[in-house]
>>> print(open('start.txt').read())   # compact mmCIF, C-alpha atoms
# COMPACT_ATOMS: atom_id res chain seq x y z
CA MET I 26 0.80 -4.65 15.82
CA ALA I 27 3.31 -3.35 13.31
CA SER I 28 4.04 -4.40 9.78
CA PHE I 29 5.47 -7.88 9.43
CA CYS I 30 8.74 -6.40 8.22
CA GLY I 31 8.95 -3.75 10.92
CA LEU I 32 8.91 0.01 10.62
CA GLY I 33 12.57 0.13 9.68
CA GLY I 34 11.86 -2.12 6.75
CA LEU I 35 9.04 0.14 5.69
CA LEU I 36 11.26 3.18 5.64
CA ARG I 37 13.94 1.35 3.72
CA GLY I 38 11.35 0.26 1.23
CA GLY I 39 12.41 -3.37 1.46
CA CYS I 40 8.94 -4.87 1.78
CA TYR I 41 7.05 -3.48 -1.18
CA GLY I 42 5.49 -5.60 -3.85
CA ALA I 43 4.16 -7.81 -1.04
CA LEU I 44 1.19 -7.49 1.27
CA ILE I 45 1.92 -4.89 3.95
CA GLU I 46 0.10 -5.19 7.26
CA LEU I 47 -0.09 -2.15 9.51
CA GLY I 48 -2.04 -2.24 12.72
CA ASN I 49 -1.92 1.20 14.29
CA GLY I 50 -5.18 3.03 14.84
CA LEU I 51 -5.88 6.03 12.66
CA SER I 52 -5.72 8.93 15.07
CA GLY I 53 -7.65 12.16 14.88
CA SER I 54 -10.79 13.75 16.19
CA CYS I 55 -14.30 13.03 14.95
CA ASP I 56 -17.85 13.33 16.19
CA THR I 57 -18.41 9.62 16.76
CA ALA I 58 -15.92 6.74 16.79
CA VAL I 59 -16.47 3.12 15.92
CA SER I 60 -15.38 0.42 18.35
CA GLU I 61 -14.40 -2.13 15.69
CA PHE I 62 -11.31 -2.10 13.54
CA SER I 63 -11.87 -2.06 9.79
CA GLU I 64 -9.62 -4.05 7.51
CA PHE I 65 -8.65 -1.32 5.08
CA TRP I 66 -6.94 -2.31 1.85
CA ILE I 67 -5.27 0.42 -0.19
CA ILE I 68 -3.96 -0.06 -3.72
CA ARG I 69 -1.76 2.26 -5.68
CA HIS I 70 -2.88 2.28 -9.31
CA GLY I 71 -0.91 0.44 -11.97
CA GLU I 72 1.66 2.07 -14.20
CA PRO I 73 0.10 4.91 -16.23
CA GLU I 74 1.07 6.29 -19.59
CA GLY I 75 3.58 9.07 -18.99
CA ALA I 76 5.05 7.40 -15.90
CA GLY I 77 8.02 9.30 -14.53
CA ALA I 78 6.37 12.73 -14.79
CA TYR I 79 4.49 14.48 -11.99
CA LEU I 80 1.00 13.11 -12.58
CA GLY I 81 -1.37 14.49 -9.99
CA ARG I 82 -4.99 15.44 -9.61
CA GLY I 83 -4.85 17.49 -12.81
CA SER I 84 -3.43 14.71 -15.00
CA ASN I 85 -5.66 11.92 -16.23
CA PRO I 86 -3.76 9.43 -18.39
CA PRO I 87 -4.95 5.83 -18.74
CA LEU I 88 -2.93 2.82 -17.68
CA SER I 89 -0.04 1.73 -19.85
CA ALA I 90 0.00 -1.81 -21.26
CA GLU I 91 2.09 -2.88 -18.27
CA GLY I 92 -0.35 -1.13 -15.93
CA GLY I 93 -3.20 -3.15 -17.43
CA ARG I 94 -1.30 -6.36 -16.76
CA GLN I 95 -0.66 -5.25 -13.19
CA ALA I 96 -4.39 -4.67 -12.71
CA LEU I 97 -5.20 -8.19 -13.90
CA ARG I 98 -2.63 -9.67 -11.51
CA LEU I 99 -4.18 -7.70 -8.65
CA ALA I 100 -7.63 -9.03 -9.49
CA ALA I 101 -6.33 -12.60 -9.39
CA ARG I 102 -4.78 -11.92 -6.01
CA ILE I 103 -7.61 -10.03 -4.30
CA HIS I 104 -10.61 -12.16 -5.26
CA ARG I 105 -9.52 -14.82 -2.75
CA GLU I 106 -10.35 -12.46 0.15
CA ALA I 107 -13.18 -10.36 -1.17
CA PRO I 108 -13.80 -6.92 0.34
CA GLY I 109 -17.30 -5.81 1.19
CA VAL I 110 -17.07 -2.46 -0.59
CA ILE I 111 -14.77 -0.79 -3.13
CA TYR I 112 -13.91 2.90 -3.40
CA THR I 113 -11.72 4.57 -6.00
CA SER I 114 -10.17 7.86 -6.95
CA PRO I 115 -11.98 9.36 -9.95
CA LEU I 116 -8.79 9.41 -12.06
CA LYS I 117 -8.59 6.95 -14.97
CA ARG I 118 -5.47 5.19 -13.75
CA ALA I 119 -7.10 4.32 -10.43
CA VAL I 120 -10.47 3.38 -11.97
CA GLU I 121 -8.85 1.19 -14.63
CA THR I 122 -6.75 -0.54 -11.97
CA ILE I 123 -9.78 -1.47 -9.89
CA THR I 124 -12.06 -2.41 -12.82
CA PRO I 125 -10.83 -6.04 -13.18
CA VAL I 126 -11.09 -6.45 -9.39
CA SER I 127 -14.64 -5.09 -9.24
CA ALA I 128 -15.67 -7.22 -12.22
CA ALA I 129 -14.29 -10.38 -10.62
CA LEU I 130 -16.07 -9.62 -7.34
CA GLY I 131 -19.32 -8.29 -8.79
CA LEU I 132 -18.96 -5.04 -6.83
CA GLU I 133 -19.48 -1.59 -8.35
CA PRO I 134 -16.70 0.79 -7.25
CA VAL I 135 -17.80 4.04 -5.62
CA ILE I 136 -16.04 7.21 -6.79
CA ALA I 137 -14.47 9.24 -3.98
CA GLU I 138 -13.12 12.59 -5.21
CA ASP I 139 -10.98 13.03 -2.10
CA LEU I 140 -8.91 9.93 -2.94
CA ALA I 141 -7.38 11.74 -5.93
CA GLU I 142 -3.65 12.42 -6.06
CA LEU I 143 -1.96 15.63 -4.91
CA ASP I 144 -2.64 18.57 -7.22
CA PHE I 145 0.71 19.53 -8.75
CA GLY I 146 -0.69 22.70 -10.32
CA GLU I 147 1.61 24.12 -13.00
CA TRP I 148 3.95 21.16 -12.58
CA GLU I 149 1.41 18.62 -13.81
CA GLY I 150 2.85 16.39 -16.52
CA LEU I 151 6.40 17.69 -16.13
CA ARG I 152 9.50 15.76 -15.15
CA TYR I 153 11.70 16.97 -12.33
CA GLU I 154 14.41 18.21 -14.71
CA GLN I 155 11.87 20.43 -16.47
CA ILE I 156 10.53 21.80 -13.19
CA HIS I 157 14.02 22.48 -11.88
CA ARG I 158 14.91 24.43 -15.01
CA ARG I 159 11.75 26.52 -14.76
CA ASP I 160 11.78 27.34 -11.05
CA ALA I 161 14.69 25.75 -9.19
CA ARG I 162 14.25 27.85 -6.04
CA ARG I 163 10.59 27.00 -5.52
CA TYR I 164 11.17 23.37 -6.42
CA GLU I 165 13.91 23.10 -3.79
CA ARG I 166 11.66 24.77 -1.19
CA TRP I 167 8.92 22.28 -2.02
CA LEU I 168 11.26 19.32 -1.71
CA ALA I 169 12.47 20.60 1.67
CA ASN I 170 8.98 21.27 3.09
CA PRO I 171 6.09 19.94 0.98
CA TRP I 172 3.82 20.10 4.03
CA ARG I 173 3.74 23.91 3.82
CA THR I 174 4.95 24.63 0.28
CA ALA I 175 2.72 23.97 -2.72
CA PRO I 176 3.55 23.76 -6.41
CA PRO I 177 2.30 26.90 -8.21
CA GLY I 178 -1.48 26.56 -8.34
CA GLY I 179 -1.36 23.22 -6.53
CA GLU I 180 -1.78 21.69 -3.08
CA THR I 181 0.46 21.28 -0.08
CA TYR I 182 0.80 17.88 1.54
CA ALA I 183 -1.18 19.35 4.44
CA ASP I 184 -4.07 20.00 2.02
CA LEU I 185 -3.79 16.48 0.66
CA SER I 186 -3.67 14.93 4.12
CA ARG I 187 -6.78 16.81 5.32
CA ARG I 188 -8.97 15.68 2.45
CA VAL I 189 -7.68 12.09 2.30
CA LEU I 190 -7.91 11.47 6.05
CA GLY I 191 -11.34 13.08 6.15
CA CYS I 192 -12.46 10.61 3.50
CA ILE I 193 -10.88 7.64 5.31
CA ARG I 194 -12.46 8.60 8.64
CA GLY I 195 -15.84 8.82 6.94
CA LEU I 196 -15.40 5.32 5.51
CA LEU I 197 -14.35 3.95 8.88
CA LYS I 198 -17.43 5.40 10.54
CA ARG I 199 -19.67 3.98 7.81
CA TYR I 200 -18.06 0.55 7.45
CA GLY I 201 -16.68 -0.22 10.92
CA GLY I 202 -15.69 -3.87 11.20
CA GLN I 203 -15.83 -4.48 7.45
CA ARG I 204 -13.17 -4.94 4.79
CA VAL I 205 -12.85 -1.85 2.59
CA LEU I 206 -10.79 -1.66 -0.61
CA ALA I 207 -9.62 1.67 -2.05
CA SER I 208 -7.81 2.32 -5.33
CA THR I 209 -5.78 5.50 -5.10
CA HIS I 210 -2.32 7.04 -5.53
CA ALA I 211 1.06 7.28 -3.83
CA GLY I 212 0.32 10.62 -2.15
CA PRO I 213 -2.90 9.51 -0.42
CA ILE I 214 -1.27 6.24 0.66
CA ARG I 215 1.59 8.15 2.25
CA ALA I 216 -0.91 10.42 4.02
CA VAL I 217 -2.50 7.37 5.64
CA LEU I 218 0.90 5.93 6.61
CA MET I 219 1.88 9.27 8.14
CA GLU I 220 -1.19 9.26 10.35
CA ALA I 221 -1.09 5.56 11.24
CA TYR I 222 2.62 5.52 12.08
CA GLY I 223 3.26 9.10 13.18
CA LEU I 224 5.70 9.71 10.32
CA THR I 225 6.80 13.14 9.19
CA VAL I 226 6.05 14.10 5.62
CA LEU I 227 9.70 13.65 4.64
CA GLU I 228 9.78 10.20 6.27
CA SER I 229 6.66 9.25 4.36
CA LEU I 230 8.28 10.33 1.10
CA ALA I 231 11.12 7.89 1.82
CA VAL I 232 8.61 5.02 1.78
CA GLN I 233 8.58 3.23 -1.56
CA VAL I 234 5.03 2.95 -2.92
CA GLY I 235 5.27 1.08 -6.20
CA TYR I 236 2.74 0.74 -8.96
CA ALA I 237 0.00 -1.77 -8.07
CA ASP I 238 1.31 -2.18 -4.53
CA LEU I 239 -1.28 -3.38 -2.03
CA PHE I 240 -1.32 -2.37 1.64
CA ARG I 241 -3.53 -3.99 4.25
CA LEU I 242 -4.14 -2.02 7.42
CA ASP I 243 -6.29 -2.58 10.48
CA LEU I 244 -7.66 0.88 11.21
CA ASN I 245 -9.94 2.49 13.74
CA ILE I 246 -10.70 6.07 14.74
CA VAL I 247 -9.16 6.78 18.15
>>> encode(input="start.txt", output="structure tokens")
Amino acid sequence: MASFCGLGGLLRGGCYGALIELGNGLSGSCDTAVSEFSEFWIIRHGEPEGAGAYLGRGSNPPLSAEGGRQALRLAARIHREAPGVIYTSPLKRAVETITPVSAALGLEPVIAEDLAELDFGEWEGLRYEQIHRRDARRYERWLANPWRTAPPGGETYADLSRRVLGCIRGLLKRYGGQRVLASTHAGPIRAVLMEAYGLTVLESLAVQVGYADLFRLDLNIV
């Protein structure tokens, strides 16, 4: 089962702002696998203050006023099909996004450190023009191969993928057959899409992941 808009639509970014359904199994090795698929819902946080800059694991702004409104709209949407458990990145923008949802459902969100955004190191809080002026050569290398190249003092996409997918596999083993909701960031969402669809890192970066977008995936460990 693929997304209702098809993989081409995903890569063109034409389906975002709606519910996205992906059905591929999450591949990868593990000690024990579950036989049931879990309905795994992933939310990107709402718009934060300072939007437009590189806000990663080392940046912790709250939601903007618009981000708060987005969180309320998500709560109104999600409560109709309540998940059994909620996890969230520890960063304020993710926690504040899920707070209205958890309040409406009466579920306490569980903090998962590994759902945090990519660590942009010395580039945290900067816009791309500022980074390019400071270190154009490294920035261009990073854009060309973020899987192997890290921002100074930050993470590669390979680092991000390892920790995010390790967290997701753990949740699948623990909650097989249940509906799980996670509030996280664009980078972790792209890591899951890469694994589920077999995308390259550059293909995943072409996927539009907007603020407060919701993805619904049927996942298993295979």
>>> residues_around(input="start.txt", residues="region 161-164 of chain I", least_positions_apart="4", cutoff="9 Å", atoms="only C-alpha atoms", output="mmCIF file with C-alpha atoms, in the frame of the given file")
data_model
loop_
_atom_site.group_PDB
_atom_site.id
_atom_site.type_symbol
_atom_site.label_atom_id
_atom_site.label_comp_id
_atom_site.auth_asym_id
_atom_site.auth_seq_id
_atom_site.Cartn_x
_atom_site.Cartn_y
_atom_site.Cartn_z
ATOM 1 C CA TYR I 153 11.700 16.970 -12.330
ATOM 2 C CA ILE I 156 10.530 21.800 -13.190
ATOM 3 C CA HIS I 157 14.020 22.480 -11.880
ATOM 4 C CA LEU I 168 11.260 19.320 -1.710
ATOM 5 C CA ALA I 169 12.470 20.600 1.670
ATOM 6 C CA THR I 174 4.950 24.630 0.280
ATOM 7 C CA ALA I 175 2.720 23.970 -2.720
ATOM 8 C CA PRO I 176 3.550 23.760 -6.410
ATOM 9 C CA PRO I 177 2.300 26.900 -8.210
#
>>> residues_around(input="start.txt", residues="Pro134 (chain I)", least_positions_apart="3", cutoff="12 Å", atoms="all atoms listed in the file", output="PyMOL selection string")
chain I and resi 108-115+119-131+137+205-208
>>> residues_around(input="start.txt", residues="Cys192 (chain I)", least_positions_apart="4", cutoff="8 Å", atoms="all atoms listed in the file", output="list in words")
Ala137, Asp139, Leu140, Arg188 and Leu196 of chain I
>>> residues_around(input="start.txt", residues="Ala76 (chain I)", least_positions_apart="3", cutoff="10 Å", atoms="all atoms listed in the file", output="list of chain:residue names")
I:Gly71, I:Glu72, I:Pro73, I:Tyr79, I:Leu80, I:Pro86, I:Leu88, I:Ser89, I:Gly150, I:Arg152, I:Tyr236
>>> closest_residue(input="start.txt", among="I:Tyr182, I:Trp148, I:Phe240, I:Tyr200", to="Leu227 (chain I)", atoms="all atoms listed in the file")
I:Tyr182
>>> decode(input="start.txt", residues="region 131-246 of chain I", atoms="C-alpha atoms", output="compact mmCIF listing (two decimals), in the first residue's frame")
# COMPACT_ATOMS: atom_id res chain seq x y z
CA GLY I 131 -6.43 12.71 28.66
CA LEU I 132 -3.08 11.13 27.76
CA GLU I 133 0.25 12.24 29.25
CA PRO I 134 2.90 12.53 26.51
CA VAL I 135 6.11 10.58 27.05
CA ILE I 136 9.36 12.42 26.33
CA ALA I 137 11.65 10.64 23.86
CA GLU I 138 15.04 12.34 23.54
CA ASP I 139 15.80 10.56 20.28
CA LEU I 140 12.86 12.25 18.53
CA ALA I 141 14.66 15.61 18.71
CA GLU I 142 15.65 17.42 15.54
CA LEU I 143 19.04 17.17 13.82
CA ASP I 144 21.81 18.91 15.76
CA PHE I 145 22.99 21.81 13.58
CA GLY I 146 25.95 22.56 15.84
CA GLU I 147 27.44 25.99 15.16
CA TRP I 148 24.73 26.69 12.61
CA GLU I 149 21.92 26.63 15.18
CA GLY I 150 19.70 29.70 14.92
CA LEU I 151 21.32 30.97 11.72
CA ARG I 152 19.71 31.52 8.35
CA TYR I 153 21.23 30.01 5.23
CA GLU I 154 22.59 33.37 4.04
CA GLN I 155 24.51 33.77 7.30
CA ILE I 156 25.90 30.24 7.12
CA HIS I 157 26.93 30.67 3.50
CA ARG I 158 28.81 33.86 4.32
CA ARG I 159 30.63 32.19 7.21
CA ASP I 160 31.61 28.90 5.58
CA ALA I 161 30.36 28.58 2.01
CA ARG I 162 32.55 25.58 1.17
CA ARG I 163 31.41 23.44 4.09
CA TYR I 164 27.81 24.51 3.63
CA GLU I 165 27.89 23.42 -0.02
CA ARG I 166 29.47 20.08 0.96
CA TRP I 167 26.72 19.57 3.52
CA LEU I 168 23.99 20.36 1.01
CA ALA I 169 25.52 17.91 -1.46
CA ASN I 170 25.94 15.05 1.04
CA PRO I 171 24.28 15.61 4.43
CA TRP I 172 24.38 11.86 5.07
CA ARG I 173 28.15 12.01 5.60
CA THR I 174 28.82 15.70 6.21
CA ALA I 175 27.84 17.36 9.49
CA PRO I 176 27.54 21.02 10.41
CA PRO I 177 30.48 22.05 12.64
CA GLY I 178 29.82 20.44 16.01
CA GLY I 179 26.57 18.88 14.76
CA GLU I 180 25.17 15.62 13.42
CA THR I 181 25.09 13.98 10.03
CA TYR I 182 21.80 12.69 8.66
CA ALA I 183 23.22 9.21 9.24
CA ASP I 184 23.52 10.04 12.96
CA LEU I 185 19.97 11.39 12.99
CA SER I 186 18.59 8.36 11.17
CA ARG I 187 20.25 5.87 13.55
CA ARG I 188 18.81 7.43 16.69
CA VAL I 189 15.34 8.15 15.27
CA LEU I 190 14.87 4.71 13.71
CA GLY I 191 16.18 3.05 16.85
CA CYS I 192 13.51 4.90 18.81
CA ILE I 193 10.77 4.01 16.30
CA ARG I 194 11.73 0.33 16.28
CA GLY I 195 11.58 0.30 20.06
CA LEU I 196 8.08 1.77 20.00
CA LEU I 197 6.95 -0.75 17.39
CA LYS I 198 8.20 -3.63 19.51
CA ARG I 199 6.48 -2.23 22.60
CA TYR I 200 3.18 -1.17 21.00
CA GLY I 201 2.69 -3.62 18.13
CA GLY I 202 -0.85 -3.42 16.77
CA GLN I 203 -1.63 -0.14 18.55
CA ARG I 204 -1.97 3.44 17.35
CA VAL I 205 1.03 5.54 18.38
CA LEU I 206 1.26 9.33 18.02
CA ALA I 207 4.61 11.14 17.96
CA SER I 208 5.28 14.88 17.91
CA THR I 209 8.62 15.60 16.31
CA HIS I 210 10.43 17.57 13.60
CA ALA I 211 11.03 17.60 9.85
CA GLY I 212 14.37 15.76 10.06
CA PRO I 213 13.07 12.75 12.03
CA ILE I 214 10.00 12.54 9.78
CA ARG I 215 12.21 12.43 6.71
CA ALA I 216 14.34 9.71 8.33
CA VAL I 217 11.23 7.55 8.71
CA LEU I 218 10.13 8.24 5.12
CA MET I 219 13.61 7.32 3.87
CA GLU I 220 13.43 3.95 5.59
CA ALA I 221 9.80 3.21 4.74
CA TYR I 222 10.11 4.16 1.07
CA GLY I 223 13.77 3.47 0.35
CA LEU I 224 14.47 7.12 -0.46
CA THR I 225 17.93 8.63 -0.59
CA VAL I 226 18.67 11.47 1.80
CA LEU I 227 18.48 14.00 -1.03
CA GLU I 228 15.14 12.59 -2.18
CA SER I 229 13.84 12.87 1.36
CA LEU I 230 14.91 16.51 1.51
CA ALA I 231 12.76 17.17 -1.56
CA VAL I 232 9.68 16.06 0.40
CA GLN I 233 7.75 19.01 1.78
CA VAL I 234 7.11 18.60 5.51
CA GLY I 235 5.13 21.63 6.61
CA TYR I 236 4.44 22.93 10.07
CA ALA I 237 1.76 20.89 11.85
CA ASP I 238 1.61 18.34 9.03
CA LEU I 239 0.31 14.94 10.08
CA PHE I 240 1.46 11.65 8.54
CA ARG I 241 -0.23 8.32 9.16
CA LEU I 242 1.83 5.22 8.45
CA ASP I 243 1.21 1.51 8.91
CA LEU I 244 4.58 0.24 10.13
CA ASN I 245 6.09 -3.05 11.15
CA ILE I 246 9.63 -4.29 11.71
